[in-house]
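Visitor: The structure's right below; bear with me while I get my questions together.
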There are 2 protein chains.
Amino acid sequence: MTTRDRIATAADVATLAGVSVATVSRALRGLPNVTEATRGRVLLAASELRYRPHPHASRLASGKTRTIGIALPMLGQWYFSKVLAGVDLVLSPAGYDLLIFGASTPEDRRRLVGDADAVRSRVDGLILAGMQVPPEEVPQWVSSGLRVVSVGQEIKGLRSISIDDAGAAALAVRHLVNLGHLRIGLIGARAQEGAHGPPAERRRGYAVELRRQRLGLQRELQVEAELTVDGGREAMDHLLSLPAPPTAVFAITDELAVGAIDSVRRHGFDVPRHISVIGLDDHDLAAGVGLTTVRQHPVRHGQLAANMLLAELDGEPASDQHVRDETQLVVRSTTRPLADP
Amino acid sequence: MTTRDRIATAADVATLAGVSVATVSRALRGLPNVTEATRGRVLLAASELRYRPHPHASRLASGKTRTIGIALPMLGQWYFSKVLAGVDLVLSPAGYDLLIFGASTPEDRRRLVGDADAVRSRVDGLILAGMQVPPEEVPQWVSSGLRVVSVGQEIKGLRSISIDDAGAAALAVRHLVNLGHLRIGLIGARAQEGAHGPPAERRRGYAVELRRQRLGLQRELQVEAELTVDGGREAMDHLLSLPAPPTAVFAITDELAVGAIDSVRRHGFDVPRHISVIGLDDHDLAAGVGLTTVRQHPVRHGQLAANMLLAELDGEPASDQHVRDETQLVVRSTTRPLADP
DNA sequence: CTGAAAGCGCTTACAG
DNA sequence: CTGAAAGCGCTTACAG
């Protein structure tokens, strides 16, 4: 093994192979118009010196970064960590770097979403995961030249991958209705989560389905919570304190559902005997706790988004505007037919 | 709002402010030897043009990337997603970029760990999360000039943040012993997870504690599993099939514990009445399912690692070799005293 | 097929 | 305090 005092440059390889730097660049990138003999010598010299093009130099010169960025509001959350894993699954083998834009505060999000330029020089494409983009900011993204796809949320004017949130919620509610439940509660998100986006859509799906089933919408059965286990527990505490509590509850995430179930048990009741609970996600632990839920596939969402971006960067024509990944009812043991009165 | 056909460069700012490019660079970075008046004009021109230094150009010129990398074996797993969130929590406000090196296959890991050069040119510092580094590879990392810190695992010769895995396991086992349990099972990881690292250490802690308590180590009570809910369920299925099953089980992760509990219930038994189960992690959902466990703080691990790196990059002397973050027994409702015979 | 040269957009000595 | 120039390590027309 050769000792190297410093990292080899293209110039070093050129000297060793007896060619020009330009030829090194062409040979290594597999461009045409290089004889096999020259290419061979370059490859040999490069591996001899363990040469690797300096990324910033080639990015500066070519304008391509071979990097995809992903903007996320909450990195540690189940859905986003799965999306991220899916993205990496396709980017890593493709030789693309993955850059994280964490945007945990509203200011971070506003700054990020309002400044396409800052992003444009660092990445070739951007995945917006669970980010809202105000309509007035969309044009700058479209015209930025950056490939952008939204995950987990449709954004008018940008391409996206998401589930049919309203439909998934309706599926959950329909399951409860089919079991004979008439008083069905909702544990949703606080209003500041926005009028659009998954929480709002799921609430809408809940309302639509109840109406479709000719069950009235009862304001007191809908409660807002922070999207955590604690939030779910508190929400259910509240529902149980009602004069006439619901006999079944749809929680818009599995985490909420787990908290809700915990609340029911702490009150000395049983799930599903006294009250049925259904979630939405099919979280890693959902099967382990027997949670009935509607399954989504966040890893696949990430893969789809990354593949979409890579295809476009390869020059393929942009695909569909909105792809909606499927969703599926998974019945386990936290729901059951309403007991006869 | 000015229309811009292209992204502004330092030269544009220089022209507008009536100074040289060098002065723009100095003024914007807050270097000394710039009059307040000039700095003011530059700042104004820069904001006028919405100028932002091109990252690759400044990286190429300065040799600093203002980027930290993080290498992870499994992005979607609870522990790693929390570490990542912690890292981002400190890097984002500091203005550092975060680059992901996903290394989900053993080959990926070997390649990454065996090639400090490839990493060195992209980042100023690297966080190795849950990565094993063979002793013979350590020197190249030390001499690479890159700041490196390991998270979740001690690596001889590199700095690290981790918990005392053996100690945490011993804490869990001691809790079971204190409840009067004598036949205590272990659900651990498969051997290929390595002779070092958390799984091996936790198994060691289990063995050490049993010996300390003068309880013999029974080979048949230790079972290996994949580190998932399914793995935990299958492992417990096996333990329950034994002629004399354990009365309590320590699962080395909460996910395993949840799967184990599910198995017990599917067999028609009750946790903790018939069998006690304790995990290790304090996963987000652990409180919701009443799991007794040993808590660790992965978000904090990430924060500590990132802060360590930033401090060093700021020129502060390297800190301790190994920092061990604390751990804590959290008793909930999946463990209880051994019933009298 | 290959090389010499210009250029990507910054930073950093070096003068003044 | 400020500017002119060189240089970071590549890529990309342009010649030949």
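Residues in the structure tokens are numbered from 1 in each chain, the chains being A, B, ... in the order shown, and ligands are numbered from 1 in the order shown.
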Do me a favour and pick out the residues of chain A within 7 Å of chain D, using only C-alpha atoms (C1' of nucleotides), as number ranges by chain.
Guide: A: 54, 57-58, 61-62
Visitor: Those same residues - N, CA and C atoms - I'd like them written as a CSV table (one decimal), in the first residue's frame.
Guide:
chain,number,residue,atom,x,y,z
A,54,HIS,N,-12.6,15.6,-6.6
A,54,HIS,CA,-13.0,16.4,-5.4
A,54,HIS,C,-14.5,16.9,-5.7
A,57,ALA,N,-15.1,20.8,-6.4
A,57,ALA,CA,-14.5,21.3,-7.6
A,57,ALA,C,-15.4,20.9,-8.8
A,58,SER,N,-15.8,19.6,-8.8
A,58,SER,CA,-16.6,19.2,-10.0
A,58,SER,C,-18.0,19.8,-10.0
A,61,ALA,N,-17.6,23.4,-11.3
A,61,ALA,CA,-17.3,23.4,-12.7
A,61,ALA,C,-18.5,23.0,-13.5
A,62,SER,N,-19.2,22.0,-13.0
A,62,SER,CA,-20.3,21.4,-13.9
A,62,SER,C,-21.7,22.0,-13.6
Visitor: So that I can see what lies close to Leu285 in chain A, please list as an MDAnalysis selection string the residues with an atom at most 12 Å from it, counting only C-alpha atoms (C1' of nucleotides) and leaving out residues fewer than 2 positions away in the same chain.
Guide: (chainID A and resid 78 254:255 257:258 281:283 287:293) or (chainID B and resid 77:78 228:230 232:233 254:262 283:286 288:289)
Visitor: With DSSP run on the backbone, what are the strand (DSSP E or B) residues within range 29-227 of chain B? I'd like them as a PyMOL selection string.
Guide: chain B and resi 67-72+97-102+125-129+147-151+159-163+184-189+222-225
Visitor: From a backbone DSSP assignment, name each residue in range 79-240 of chain B labelled helix (DSSP H, G or I), as number ranges by chain.
Guide: B: 79-94, 106-113, 116-120, 135-142, 165-178, 191-193, 198-212, 219-221, 229-240
Visitor: Give me the residues within 12 Å of Glu220 in chain B as a tab-separated table (two decimals) with N, CA and C atoms, in the first residue's frame, counting only C-alpha atoms (C1' of nucleotides) and dropping any in the same chain fewer than 6 places off.
Guide:
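Final file, around_21.tsv:
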chain	number	residue	atom	x	y	z
B	183	ARG	N	-35.90	-17.36	37.28
B	183	ARG	CA	-35.66	-17.83	35.91
B	183	ARG	C	-35.90	-16.65	34.97
B	184	ILE	N	-34.81	-16.01	34.59
B	184	ILE	CA	-34.89	-14.78	33.80
B	184	ILE	C	-34.34	-15.01	32.40
B	185	GLY	N	-35.22	-14.85	31.42
B	185	GLY	CA	-34.80	-15.07	30.04
B	185	GLY	C	-34.19	-13.82	29.41
B	186	LEU	N	-33.49	-14.05	28.32
B	186	LEU	CA	-32.90	-12.93	27.57
B	186	LEU	C	-33.32	-13.04	26.11
B	187	ILE	N	-33.83	-11.95	25.55
B	187	ILE	CA	-34.04	-11.91	24.10
B	187	ILE	C	-33.02	-10.92	23.55
B	235	ALA	N	-39.12	-15.05	19.36
B	235	ALA	CA	-38.22	-15.44	20.45
B	235	ALA	C	-39.03	-15.87	21.66
B	238	HIS	N	-40.65	-19.18	21.34
B	238	HIS	CA	-39.70	-20.24	21.65
B	238	HIS	C	-39.56	-20.44	23.16
B	239	LEU	N	-39.40	-19.34	23.88
B	239	LEU	CA	-39.23	-19.45	25.33
B	239	LEU	C	-40.43	-20.11	25.99
B	240	LEU	N	-41.62	-19.80	25.45
B	240	LEU	CA	-42.85	-20.38	26.04
B	240	LEU	C	-42.98	-21.86	25.72
B	241	SER	N	-42.26	-22.30	24.72
B	241	SER	CA	-42.35	-23.72	24.35
B	241	SER	C	-41.42	-24.58	25.19
B	242	LEU	N	-40.61	-23.93	26.01
B	242	LEU	CA	-39.67	-24.66	26.86
B	242	LEU	C	-40.40	-25.45	27.94
B	243	PRO	N	-39.84	-26.54	28.38
B	243	PRO	CA	-40.45	-27.30	29.48
B	243	PRO	C	-40.62	-26.41	30.71
B	244	ALA	N	-39.60	-25.62	30.98
B	244	ALA	CA	-39.73	-24.69	32.11
B	244	ALA	C	-39.42	-23.28	31.63
B	245	PRO	N	-40.46	-22.56	31.16
B	245	PRO	CA	-40.24	-21.20	30.63
B	245	PRO	C	-39.77	-20.25	31.74
B	246	PRO	N	-39.18	-19.16	31.35
B	246	PRO	CA	-38.78	-18.15	32.34
B	246	PRO	C	-40.01	-17.49	32.94
Visitor: If we count only C-alpha atoms (C1' of nucleotides) and set the cut-off at 9 Å, which residues sit around Thr335 in chain B, ignoring sequence neighbours fewer than 2 positions away in its own chain? Please answer as number ranges by chain.
Guide: B: 175-176, 179, 248, 271-273, 275-278, 291-292, 331-333, 337
Visitor: Based on the selection just made, write C-alpha atoms of those residues as a short mmCIF file (atom, residue, chain, number, x, y, z; two decimals), in the first residue's frame.
Guide:
data_model
loop_
_atom_site.label_atom_id
_atom_site.label_comp_id
_atom_site.auth_asym_id
_atom_site.auth_seq_id
_atom_site.Cartn_x
_atom_site.Cartn_y
_atom_site.Cartn_z
CA HIS B 175 -35.08 -5.05 38.67
CA LEU B 176 -36.40 -8.51 37.78
CA LEU B 179 -39.03 -8.75 42.15
CA ALA B 248 -39.42 -12.89 33.50
CA VAL B 271 -48.23 -9.84 31.21
CA PRO B 272 -47.24 -9.26 33.97
CA ARG B 273 -49.37 -11.83 35.84
CA ILE B 275 -44.62 -13.42 32.97
CA SER B 276 -42.82 -10.11 33.42
CA VAL B 277 -41.16 -8.32 30.51
CA ILE B 278 -38.70 -5.44 30.57
CA LEU B 291 -43.82 -1.03 29.16
CA THR B 292 -41.30 -1.25 31.96
CA VAL B 331 -41.06 0.93 36.07
CA ARG B 332 -44.46 0.70 34.46
CA SER B 333 -46.85 -2.20 34.27
CA PRO B 337 -43.22 -9.61 41.78
#
Visitor: Give the answer as one residue: which of B:Arg202, B:Thr247, B:Val119, B:Phe80 has the shortest atom-to-atom distance to His274 in chain B, using only C-alpha atoms?
Guide: B:Thr247
Visitor: For chain B, which residue among A:Thr23, A:Gln132, A:Gln296, A:Thr9 is the nearest when counting only C-alpha atoms?
Guide: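 When distances to chain B are compared using only C-alpha atoms, the smallest one comes from A:Thr9.
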Visitor: CA of His267 in chain A to CA of Arg203 in chain A: how many Å, to one decimal?
Guide: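 Atom-to-atom, CA of His267 in chain A to CA of Arg203 in chain A, that is 26.0 Å.
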Visitor: Do you know which residues are at most 12 Å from Leu210 in chain B counting only C-alpha atoms (C1' of nucleotides), after dropping those on the same chain fewer than 3 positions away, and could you put them as a PDB file with N, CA and C atoms, in the first residue's frame?
Guide:
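As a result, selection.pdb now contains:
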ATOM      1  N   ALA B 169     -28.276  -3.032  30.968  1.00  0.00           N
ATOM      2  CA  ALA B 169     -28.842  -4.385  30.967  1.00  0.00           C
ATOM      3  C   ALA B 169     -28.867  -4.944  32.386  1.00  0.00           C
ATOM      4  N   ALA B 170     -27.782  -4.694  33.111  1.00  0.00           N
ATOM      5  CA  ALA B 170     -27.708  -5.180  34.491  1.00  0.00           C
ATOM      6  C   ALA B 170     -28.821  -4.546  35.321  1.00  0.00           C
ATOM      7  N   LEU B 171     -29.078  -3.276  35.077  1.00  0.00           N
ATOM      8  CA  LEU B 171     -30.135  -2.548  35.778  1.00  0.00           C
ATOM      9  C   LEU B 171     -31.486  -3.236  35.542  1.00  0.00           C
ATOM     10  N   ALA B 172     -31.740  -3.591  34.299  1.00  0.00           N
ATOM     11  CA  ALA B 172     -32.986  -4.263  33.943  1.00  0.00           C
ATOM     12  C   ALA B 172     -33.095  -5.610  34.656  1.00  0.00           C
ATOM     13  N   VAL B 173     -32.012  -6.364  34.602  1.00  0.00           N
ATOM     14  CA  VAL B 173     -32.029  -7.698  35.212  1.00  0.00           C
ATOM     15  C   VAL B 173     -32.177  -7.598  36.728  1.00  0.00           C
ATOM     16  N   ARG B 174     -31.487  -6.618  37.303  1.00  0.00           N
ATOM     17  CA  ARG B 174     -31.564  -6.449  38.751  1.00  0.00           C
ATOM     18  C   ARG B 174     -32.997  -6.154  39.175  1.00  0.00           C
ATOM     19  N   HIS B 175     -33.684  -5.360  38.384  1.00  0.00           N
ATOM     20  CA  HIS B 175     -35.084  -5.053  38.674  1.00  0.00           C
ATOM     21  C   HIS B 175     -35.902  -6.352  38.744  1.00  0.00           C
ATOM     22  N   LEU B 176     -35.664  -7.240  37.806  1.00  0.00           N
ATOM     23  CA  LEU B 176     -36.397  -8.507  37.785  1.00  0.00           C
ATOM     24  C   LEU B 176     -36.014  -9.369  38.988  1.00  0.00           C
ATOM     25  N   VAL B 177     -34.737  -9.376  39.312  1.00  0.00           N
ATOM     26  CA  VAL B 177     -34.276 -10.160  40.466  1.00  0.00           C
ATOM     27  C   VAL B 177     -34.907  -9.610  41.744  1.00  0.00           C
ATOM     28  N   ASN B 178     -34.925  -8.298  41.847  1.00  0.00           N
ATOM     29  CA  ASN B 178     -35.509  -7.676  43.032  1.00  0.00           C
ATOM     30  C   ASN B 178     -36.983  -8.026  43.200  1.00  0.00           C
ATOM     31  N   HIS B 181     -37.743 -12.813  40.802  1.00  0.00           N
ATOM     32  CA  HIS B 181     -37.626 -13.756  39.686  1.00  0.00           C
ATOM     33  C   HIS B 181     -36.302 -14.503  39.732  1.00  0.00           C
ATOM     34  N   LEU B 182     -36.380 -15.780  39.414  1.00  0.00           N
ATOM     35  CA  LEU B 182     -35.190 -16.627  39.444  1.00  0.00           C
ATOM     36  C   LEU B 182     -34.848 -17.166  38.067  1.00  0.00           C
ATOM     37  N   ARG B 183     -35.896 -17.360  37.282  1.00  0.00           N
ATOM     38  CA  ARG B 183     -35.661 -17.832  35.905  1.00  0.00           C
ATOM     39  C   ARG B 183     -35.896 -16.648  34.970  1.00  0.00           C
ATOM     40  N   ILE B 184     -34.805 -16.009  34.591  1.00  0.00           N
ATOM     41  CA  ILE B 184     -34.893 -14.785  33.800  1.00  0.00           C
ATOM     42  C   ILE B 184     -34.341 -15.010  32.397  1.00  0.00           C
ATOM     43  N   GLY B 185     -35.220 -14.848  31.425  1.00  0.00           N
ATOM     44  CA  GLY B 185     -34.801 -15.067  30.038  1.00  0.00           C
ATOM     45  C   GLY B 185     -34.191 -13.823  29.411  1.00  0.00           C
ATOM     46  N   LEU B 186     -33.487 -14.045  28.321  1.00  0.00           N
ATOM     47  CA  LEU B 186     -32.899 -12.933  27.567  1.00  0.00           C
ATOM     48  C   LEU B 186     -33.321 -13.045  26.110  1.00  0.00           C
ATOM     49  N   ARG B 203     -25.998  -8.268  26.425  1.00  0.00           N
ATOM     50  CA  ARG B 203     -25.988  -9.681  26.787  1.00  0.00           C
ATOM     51  C   ARG B 203     -24.977  -9.905  27.911  1.00  0.00           C
ATOM     52  N   ARG B 204     -23.837  -9.244  27.793  1.00  0.00           N
ATOM     53  CA  ARG B 204     -22.809  -9.390  28.807  1.00  0.00           C
ATOM     54  C   ARG B 204     -23.331  -8.862  30.150  1.00  0.00           C
ATOM     55  N   GLY B 205     -24.024  -7.716  30.114  1.00  0.00           N
ATOM     56  CA  GLY B 205     -24.556  -7.139  31.338  1.00  0.00           C
ATOM     57  C   GLY B 205     -25.554  -8.084  32.001  1.00  0.00           C
ATOM     58  N   TYR B 206     -26.351  -8.715  31.174  1.00  0.00           N
ATOM     59  CA  TYR B 206     -27.317  -9.716  31.671  1.00  0.00           C
ATOM     60  C   TYR B 206     -26.586 -10.836  32.395  1.00  0.00           C
ATOM     61  N   ALA B 207     -25.554 -11.375  31.755  1.00  0.00           N
ATOM     62  CA  ALA B 207     -24.801 -12.490  32.325  1.00  0.00           C
ATOM     63  C   ALA B 207     -24.093 -12.074  33.612  1.00  0.00           C
ATOM     64  N   GLN B 213     -25.751 -11.995  41.160  1.00  0.00           N
ATOM     65  CA  GLN B 213     -26.884 -12.353  42.024  1.00  0.00           C
ATOM     66  C   GLN B 213     -26.881 -13.830  42.368  1.00  0.00           C
ATOM     67  N   ARG B 214     -25.828 -14.510  41.952  1.00  0.00           N
ATOM     68  CA  ARG B 214     -25.692 -15.945  42.209  1.00  0.00           C
ATOM     69  C   ARG B 214     -26.842 -16.759  41.610  1.00  0.00           C
ATOM     70  N   LEU B 215     -27.324 -16.289  40.490  1.00  0.00           N
ATOM     71  CA  LEU B 215     -28.314 -17.084  39.752  1.00  0.00           C
ATOM     72  C   LEU B 215     -27.567 -17.664  38.562  1.00  0.00           C
ATOM     73  N   GLY B 216     -27.688 -18.929  38.364  1.00  0.00           N
ATOM     74  CA  GLY B 216     -26.936 -19.558  37.271  1.00  0.00           C
ATOM     75  C   GLY B 216     -27.383 -19.027  35.911  1.00  0.00           C
ATOM     76  N   LEU B 217     -26.501 -19.139  34.960  1.00  0.00           N
ATOM     77  CA  LEU B 217     -26.793 -18.719  33.597  1.00  0.00           C
ATOM     78  C   LEU B 217     -27.306 -19.940  32.849  1.00  0.00           C
ATOM     79  N   GLN B 218     -28.573 -19.883  32.433  1.00  0.00           N
ATOM     80  CA  GLN B 218     -29.097 -21.057  31.740  1.00  0.00           C
ATOM     81  C   GLN B 218     -29.145 -20.805  30.246  1.00  0.00           C
ATOM     82  N   PHE B 250     -35.869 -10.265  29.900  1.00  0.00           N
ATOM     83  CA  PHE B 250     -35.268  -8.980  29.527  1.00  0.00           C
ATOM     84  C   PHE B 250     -35.043  -8.998  28.021  1.00  0.00           C
TER      85      PHE B 250
END
Visitor: Pick from B:His56, B:Arg39, B:His301, B:Arg219: nearest to chain A, with only C-alpha atoms counted?
Guide: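 Nearest to chain A: B:His56.
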